[in-house]
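Shown next: upload-v7.txt, containing compact mmCIF, C-alpha atoms and all ligand atoms.
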```
# COMPACT_ATOMS: atom_id res chain seq x y z
CA MET G 1 21.73 21.67 1.15
CA LEU G 2 18.75 20.53 -0.87
CA ASN G 3 18.88 21.88 -4.43
CA GLY G 4 15.89 20.36 -6.13
CA ILE G 5 13.05 17.83 -6.23
CA SER G 6 11.46 16.44 -9.36
CA PHE G 7 8.91 13.78 -10.12
CA SER G 8 8.39 12.12 -13.45
CA ASP G 9 7.18 8.72 -14.56
CA ASN G 10 7.41 6.63 -11.39
CA ARG G 11 10.50 8.33 -10.02
CA LEU G 12 11.09 10.99 -7.39
CA GLN G 13 14.55 12.54 -7.62
CA ILE G 14 16.02 14.58 -4.82
CA SER G 15 19.24 16.43 -5.51
CA ALA G 16 21.43 17.80 -2.75
CA SER G 17 24.89 19.29 -2.62
CA ASN G 18 26.16 16.42 -0.49
CA ASP G 19 25.40 12.75 0.19
CA ILE G 20 22.50 12.45 2.65
CA GLU G 21 21.25 9.30 4.33
CA PRO G 22 17.49 9.72 4.13
CA SER G 23 14.93 8.14 6.41
CA VAL G 24 12.14 6.84 4.16
CA PHE G 25 8.92 5.34 5.47
CA LYS G 26 5.26 4.79 4.64
CA MET G 27 2.27 6.28 6.40
CA ASP G 28 -1.38 5.60 5.74
CA ALA G 29 -4.79 7.30 6.04
CA PRO G 30 -4.05 8.93 3.65
CA ASP G 31 -1.36 6.80 1.99
CA ARG G 32 1.95 8.57 1.60
CA ILE G 33 5.69 8.03 1.45
CA VAL G 34 7.71 10.27 3.76
CA ILE G 35 11.37 11.12 3.15
CA ASP G 36 13.24 12.86 5.95
CA LEU G 37 16.59 14.44 5.13
CA PRO G 38 18.62 15.03 8.31
CA GLN G 39 21.06 17.95 8.59
CA THR G 40 19.50 19.51 5.51
CA SER G 41 17.87 22.81 4.60
CA PHE G 42 16.77 24.43 1.34
CA SER G 43 19.43 26.07 -0.80
CA GLU G 44 18.92 29.38 -2.63
CA GLN G 45 18.90 27.40 -5.84
CA PHE G 46 15.96 25.38 -4.54
CA ALA G 47 14.03 28.48 -3.49
CA SER G 48 14.52 30.06 -6.89
CA ALA G 49 13.34 26.97 -8.77
CA LEU G 50 10.46 25.74 -6.62
CA LEU G 51 7.75 27.47 -4.64
CA LEU G 52 8.73 28.00 -1.02
CA ASP G 53 6.51 30.11 1.23
CA ASP G 54 7.44 32.18 4.30
CA SER G 55 7.03 29.18 6.60
CA MET G 56 9.47 27.20 4.41
CA ARG G 57 6.84 24.97 2.84
CA GLY G 58 5.70 24.24 -0.66
CA GLN G 59 4.16 21.66 -2.92
CA PHE G 60 3.49 20.76 -6.50
CA ALA G 61 0.79 18.62 -8.07
CA VAL G 62 1.48 15.50 -10.10
CA ALA G 63 -1.05 15.37 -12.91
CA ASP G 64 -2.43 12.22 -14.49
CA HIS G 65 -0.44 9.78 -12.42
CA PRO G 66 -2.22 6.54 -11.40
CA SER G 67 -0.88 6.48 -7.86
CA VAL G 68 0.68 9.86 -6.99
CA SER G 69 -1.31 13.07 -6.45
CA GLN G 70 1.24 15.59 -5.21
CA VAL G 71 4.65 16.22 -3.70
CA ARG G 72 4.96 18.36 -0.56
CA TYR G 73 8.11 19.59 1.16
CA ALA G 74 8.88 21.57 4.29
CA LEU G 75 11.60 22.45 6.74
CA PHE G 76 10.29 19.95 9.27
CA THR G 77 12.61 20.77 12.14
CA SER G 78 15.17 23.50 12.54
CA ASN G 79 18.28 23.46 14.62
CA PRO G 80 19.13 20.76 13.69
CA ASP G 81 17.51 21.21 10.31
CA THR G 82 15.50 18.42 8.73
CA VAL G 83 13.71 18.68 5.40
CA ARG G 84 10.66 16.46 5.03
CA ILE G 85 9.37 15.50 1.60
CA VAL G 86 6.00 13.78 1.31
CA LEU G 87 4.72 11.91 -1.70
CA ASP G 88 0.92 11.85 -1.43
CA LEU G 89 -0.47 8.63 -2.91
CA LYS G 90 -3.87 7.60 -4.19
CA ALA G 91 -3.12 4.00 -3.23
CA PRO G 92 -0.29 2.29 -1.37
CA SER G 93 2.73 1.66 -3.56
CA PRO G 94 5.94 -0.26 -2.95
CA TYR G 95 9.14 1.66 -3.61
CA THR G 96 12.92 1.40 -3.71
CA VAL G 97 15.45 3.97 -2.52
CA THR G 98 18.87 4.46 -4.13
CA ARG G 99 21.65 6.99 -3.52
CA ASP G 100 24.52 7.75 -5.84
CA GLY G 101 26.77 8.86 -2.96
CA LEU G 102 27.09 12.36 -4.43
CA GLY G 103 23.80 13.84 -3.27
CA LEU G 104 21.26 12.30 -5.64
CA ILE G 105 18.51 10.25 -3.98
CA THR G 106 16.07 8.34 -6.18
CA ILE G 107 12.78 6.86 -5.00
CA ASP G 108 11.29 4.52 -7.58
CA LEU G 109 7.69 3.44 -7.22
CA THR G 110 7.54 -0.20 -8.16
CA GLU G 111 4.13 -1.11 -9.44
CA SER G 112 4.71 -4.67 -10.51
CA THR G 113 2.88 -7.14 -8.32
CA ALA G 114 3.67 -10.30 -10.27
CA VAL G 115 6.05 -12.25 -8.12
CA THR G 116 6.22 -15.55 -9.97
CA PRO G 117 7.07 -15.86 -13.66
CA PHE G 118 4.22 -15.09 -16.00
CA PRO G 119 2.75 -18.12 -17.73
CA SER G 120 3.81 -18.19 -21.35
CA GLY G 121 0.21 -18.31 -22.58
CA GLY G 122 -1.08 -20.12 -25.62
CA SER G 123 -0.01 -23.40 -24.07
CA GLY G 124 -3.57 -24.55 -23.60
CA LYS G 125 -3.06 -24.56 -19.87
CA LYS G 126 -5.55 -22.89 -17.59
CA ILE G 127 -4.23 -19.80 -15.80
CA VAL G 128 -5.12 -19.38 -12.14
CA VAL G 129 -4.36 -16.25 -10.14
CA ILE G 130 -4.06 -16.94 -6.42
CA ASP G 131 -4.71 -13.84 -4.37
CA PRO G 132 -3.79 -13.94 -0.67
CA GLY G 133 -5.93 -11.11 0.75
CA HIS G 134 -4.51 -8.01 2.47
CA GLY G 135 -0.77 -7.83 3.34
CA GLY G 136 1.81 -5.22 4.27
CA THR G 137 0.12 -2.22 5.87
CA GLN G 138 -3.29 -3.90 5.55
CA PRO G 139 -3.62 -6.62 8.20
CA GLY G 140 -7.29 -7.48 7.60
CA ALA G 141 -9.30 -9.05 10.41
CA SER G 142 -7.87 -10.15 13.77
CA SER G 143 -8.59 -13.53 15.31
CA LYS G 144 -9.38 -14.30 18.96
CA SER G 145 -5.71 -15.12 19.48
CA LYS G 146 -4.78 -11.77 17.87
CA LYS G 147 -3.42 -13.36 14.73
CA VAL G 148 -4.08 -11.27 11.63
CA GLU G 149 -5.83 -12.21 8.43
CA LYS G 150 -2.96 -11.24 6.11
CA ASP G 151 -0.72 -13.98 7.60
CA PHE G 152 -3.47 -16.57 7.38
CA THR G 153 -4.29 -15.75 3.77
CA LEU G 154 -0.62 -15.87 2.74
CA ALA G 155 -0.13 -19.29 4.40
CA VAL G 156 -3.24 -20.64 2.64
CA GLY G 157 -2.16 -19.07 -0.67
CA LEU G 158 1.23 -20.78 -0.49
CA LYS G 159 -0.49 -24.10 0.25
CA VAL G 160 -2.70 -23.62 -2.80
CA GLN G 161 0.44 -22.88 -4.81
CA ALA G 162 2.03 -26.14 -3.62
CA LEU G 163 -1.07 -28.06 -4.69
CA LEU G 164 -1.26 -26.40 -8.11
CA GLU G 165 2.43 -27.11 -8.74
CA GLN G 166 1.42 -30.76 -9.02
CA GLU G 167 -1.14 -30.02 -11.76
CA PRO G 168 0.45 -30.21 -15.21
CA ASP G 169 -2.48 -28.47 -16.92
CA ILE G 170 -2.50 -25.40 -14.70
CA ASP G 171 -0.25 -22.33 -14.71
CA PHE G 172 -0.58 -19.99 -11.78
CA VAL G 173 0.56 -16.62 -10.50
CA LEU G 174 0.31 -15.24 -6.97
CA THR G 175 -0.54 -11.59 -6.37
CA ARG G 176 1.92 -11.70 -3.47
CA THR G 177 4.24 -14.26 -1.85
CA THR G 178 5.47 -12.07 1.00
CA ASP G 179 4.05 -9.56 3.47
CA VAL G 180 3.65 -6.62 1.08
CA THR G 181 0.87 -4.14 0.38
CA VAL G 182 -0.87 -4.70 -2.96
CA SER G 183 -3.83 -2.56 -4.03
CA LEU G 184 -7.11 -4.16 -5.05
CA GLN G 185 -6.72 -2.49 -8.45
CA ASP G 186 -3.31 -4.10 -9.01
CA ARG G 187 -4.64 -7.51 -8.00
CA ALA G 188 -7.49 -7.28 -10.49
CA LYS G 189 -5.24 -5.80 -13.18
CA LEU G 190 -2.83 -8.71 -12.87
CA ALA G 191 -5.63 -11.22 -13.46
CA ASN G 192 -7.08 -9.20 -16.34
CA ASP G 193 -3.69 -8.67 -18.00
CA LEU G 194 -3.03 -12.40 -17.86
CA LYS G 195 -6.55 -13.18 -19.08
CA ALA G 196 -6.74 -15.58 -16.17
CA ASP G 197 -9.30 -18.37 -16.26
CA LEU G 198 -9.78 -18.21 -12.53
CA PHE G 199 -9.04 -15.63 -9.85
CA ILE G 200 -9.08 -17.01 -6.33
CA SER G 201 -9.04 -14.39 -3.58
CA ILE G 202 -8.41 -15.84 -0.14
CA HIS G 203 -9.78 -14.13 2.95
CA GLY G 204 -10.58 -15.01 6.55
CA ASN G 205 -13.51 -12.97 7.74
CA SER G 206 -14.38 -12.21 11.34
CA ILE G 207 -17.68 -11.55 13.06
CA ASP G 208 -18.46 -10.24 16.52
CA PRO G 209 -19.85 -12.49 19.27
CA PRO G 210 -22.37 -13.92 20.00
CA ALA G 211 -22.55 -14.98 16.35
CA ASN G 212 -20.77 -18.29 16.00
CA PRO G 213 -20.22 -19.09 12.31
CA SER G 214 -18.34 -22.11 11.00
CA GLY G 215 -17.44 -23.52 7.63
CA SER G 216 -16.35 -21.61 4.58
CA GLU G 217 -17.88 -19.12 2.17
CA THR G 218 -17.37 -19.04 -1.57
CA TYR G 219 -18.42 -15.98 -3.55
CA TYR G 220 -18.67 -16.31 -7.29
CA THR G 221 -20.49 -14.84 -10.26
CA ARG G 222 -22.71 -16.84 -12.59
CA GLU G 223 -25.06 -15.69 -15.32
CA ARG G 224 -24.61 -12.10 -14.21
CA ALA G 225 -25.99 -12.91 -10.77
CA PHE G 226 -23.96 -12.77 -7.60
CA HIS G 227 -24.06 -15.88 -5.40
CA TRP G 228 -22.53 -17.10 -2.24
CA ARG G 229 -22.44 -20.44 -0.57
CA MET G 230 -21.66 -21.32 3.00
ZN ZN G 301 -10.25 -9.99 4.04
```

Spit out the file's structure as structure tokens when you get a sec.
Ligand SMILES: [Zn+2]
Amino acid sequence: MLNGISFSDNRLQISASNDIEPSVFKMDAPDRIVIDLPQTSFSEQFASALLLDDSMRGQFAVADHPSVSQVRYALFTSNPDTVRIVLDLKAPSPYTVTRDGLGLITIDLTESTAVTPFPSGGSGKKIVVIDPGHGGTQPGASSKSKKVEKDFTLAVGLKVQALLEQEPDIDFVLTRTTDVTVSLQDRAKLANDLKADLFISIHGNSIDPPANPSGSETYYTRERAFHWRM
């Protein structure tokens, strides 16, 4: 039986009267994290503490959170019973799931996107943020051979990393080194927090035939104007 759900800070806690193996997965458009609890229904304790309507549904808002807007819950199937809990997100967020074996399930939203050690700063070295575009649930463009942009950008990003490792005067951080979803806001925040000297965002754009582009594009800002070169 499910006894309670609470959300505070970056943590969703689900308390049940017995250990439950949840099925947790992401969905997008809109972004959300779904937690299915098999062989579970709402206890009387739950119904007395949290809103539950006649169709066995309810929700509560999460105020002032950067990435979560509300928590919804419902008896998703009956006979066998499954409770579904949905965390509605404003932007995709990675998460971890832990169980204490006694009925407490904890979903932690993990916001950190820095995957290599932060440069110490003050060393006089230039700080470069390498940003492989897209990733995770965001594949980006598809090529003729059906390869997706997120894999291309990660491969190029790791090559840039290997080159910068040979530069003694440059510290660098990647916004991602694996196939994970990172929001545009988190990418920019990382660079701003580090006071990076350079932010390099790698993309591979596509265009429909019969256009036949070649070469590379570089977008940059200079003297408040926006330029591109091809
Ligand atoms: Zn792109």

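Where the distance criterion is 8 Å and the atoms used are only C-alpha atoms and all ligand atoms, the residues close to ligand ZN 301 (chain G) are Gly133, His134, Gly140, Ala141, Glu149, Lys150, Ile202, His203, Gly204 and Asn205 of chain G.
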
- Query: G:Ala61, G:Val129, G:Gln39, G:Pro210: which is nearest G:Lys189, counting only C-alpha atoms?
  - Reply: G:Val129

- 8 Å contact set for stretch 158-165 of chain G, all atoms listed in the file, chain neighbours under 6 positions out, as a VMD selection string: chain G and resid 130 171 to 172 174 177

- Task: Identify which of the residues G:Ile207, G:Ile105, G:Ile200, G:Leu75 lies closest to G:Arg57, counting all atoms listed in the file when measuring atom-to-atom distances.
- Result: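 Of G:Ile207, G:Ile105, G:Ile200, G:Leu75, the one nearest G:Arg57 is G:Leu75, counting all atoms listed in the file.
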
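Shortest separation to G:Thr82 among G:Ser41, G:Ser8, G:Ser143, G:Asn192 occurs at residue G:Ser41, atoms counted being only C-alpha atoms.
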
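For the choices G:Thr106, G:Asn3, G:Gln59, G:Asn79, the atom-to-atom distance to G:Glu44 is smallest for G:Asn3 when using only C-alpha atoms.
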
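Each of G:Met1, G:Pro94, G:Ile35, G:Phe7 was checked against G:Asp81 using only C-alpha atoms; the smallest atom-to-atom distance is that of G:Met1.
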
Working from the structure I just supplied, which lacks atoms in stretch 10-22 of chain G, can you model N, CA, C and O atoms there and output them as a JSON list (two decimals), in the coordinates of the input?
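This is the output file out.json:
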```
[["chain", "number", "residue", "atom", "x", "y", "z"],
["G", 10, "ASN", "N", 7.67, 7.20, -12.72],
["G", 10, "ASN", "CA", 7.41, 6.63, -11.39],
["G", 10, "ASN", "C", 8.56, 6.94, -10.45],
["G", 10, "ASN", "O", 8.81, 6.20, -9.52],
["G", 11, "ARG", "N", 9.23, 8.07, -10.71],
["G", 11, "ARG", "CA", 10.50, 8.33, -10.02],
["G", 11, "ARG", "C", 10.53, 9.70, -9.39],
["G", 11, "ARG", "O", 10.29, 10.71, -10.05],
["G", 12, "LEU", "N", 10.85, 9.73, -8.09],
["G", 12, "LEU", "CA", 11.09, 10.99, -7.39],
["G", 12, "LEU", "C", 12.60, 11.15, -7.28],
["G", 12, "LEU", "O", 13.29, 10.25, -6.79],
["G", 13, "GLN", "N", 13.12, 12.30, -7.75],
["G", 13, "GLN", "CA", 14.55, 12.54, -7.62],
["G", 13, "GLN", "C", 14.78, 13.74, -6.72],
["G", 13, "GLN", "O", 14.14, 14.79, -6.86],
["G", 14, "ILE", "N", 15.70, 13.55, -5.81],
["G", 14, "ILE", "CA", 16.02, 14.58, -4.82],
["G", 14, "ILE", "C", 17.50, 14.88, -4.99],
["G", 14, "ILE", "O", 18.33, 13.98, -4.86],
["G", 15, "SER", "N", 17.83, 16.14, -5.32],
["G", 15, "SER", "CA", 19.24, 16.43, -5.51],
["G", 15, "SER", "C", 19.73, 17.39, -4.44],
["G", 15, "SER", "O", 19.10, 18.40, -4.14],
["G", 16, "ALA", "N", 20.85, 17.02, -3.84],
["G", 16, "ALA", "CA", 21.43, 17.80, -2.75],
["G", 16, "ALA", "C", 22.91, 18.04, -3.07],
["G", 16, "ALA", "O", 23.48, 17.39, -3.94],
["G", 17, "SER", "N", 23.48, 18.96, -2.35],
["G", 17, "SER", "CA", 24.89, 19.29, -2.62],
["G", 17, "SER", "C", 25.85, 18.31, -1.96],
["G", 17, "SER", "O", 27.05, 18.37, -2.20],
["G", 18, "ASN", "N", 25.31, 17.42, -1.15],
["G", 18, "ASN", "CA", 26.16, 16.42, -0.49],
["G", 18, "ASN", "C", 25.36, 15.14, -0.29],
["G", 18, "ASN", "O", 24.13, 15.16, -0.35],
["G", 19, "ASP", "N", 26.06, 14.04, -0.04],
["G", 19, "ASP", "CA", 25.40, 12.75, 0.19],
["G", 19, "ASP", "C", 24.62, 12.81, 1.51],
["G", 19, "ASP", "O", 25.16, 13.21, 2.54],
["G", 20, "ILE", "N", 23.35, 12.43, 1.46],
["G", 20, "ILE", "CA", 22.50, 12.45, 2.65],
["G", 20, "ILE", "C", 21.92, 11.06, 2.83],
["G", 20, "ILE", "O", 21.48, 10.44, 1.86],
["G", 21, "GLU", "N", 21.90, 10.58, 4.06],
["G", 21, "GLU", "CA", 21.25, 9.30, 4.33],
["G", 21, "GLU", "C", 19.81, 9.60, 4.73],
["G", 21, "GLU", "O", 19.55, 10.05, 5.85],
["G", 22, "PRO", "N", 18.87, 9.35, 3.82],
["G", 22, "PRO", "CA", 17.49, 9.72, 4.13],
["G", 22, "PRO", "C", 16.82, 8.66, 5.00],
["G", 22, "PRO", "O", 17.22, 7.50, 5.01]]
```
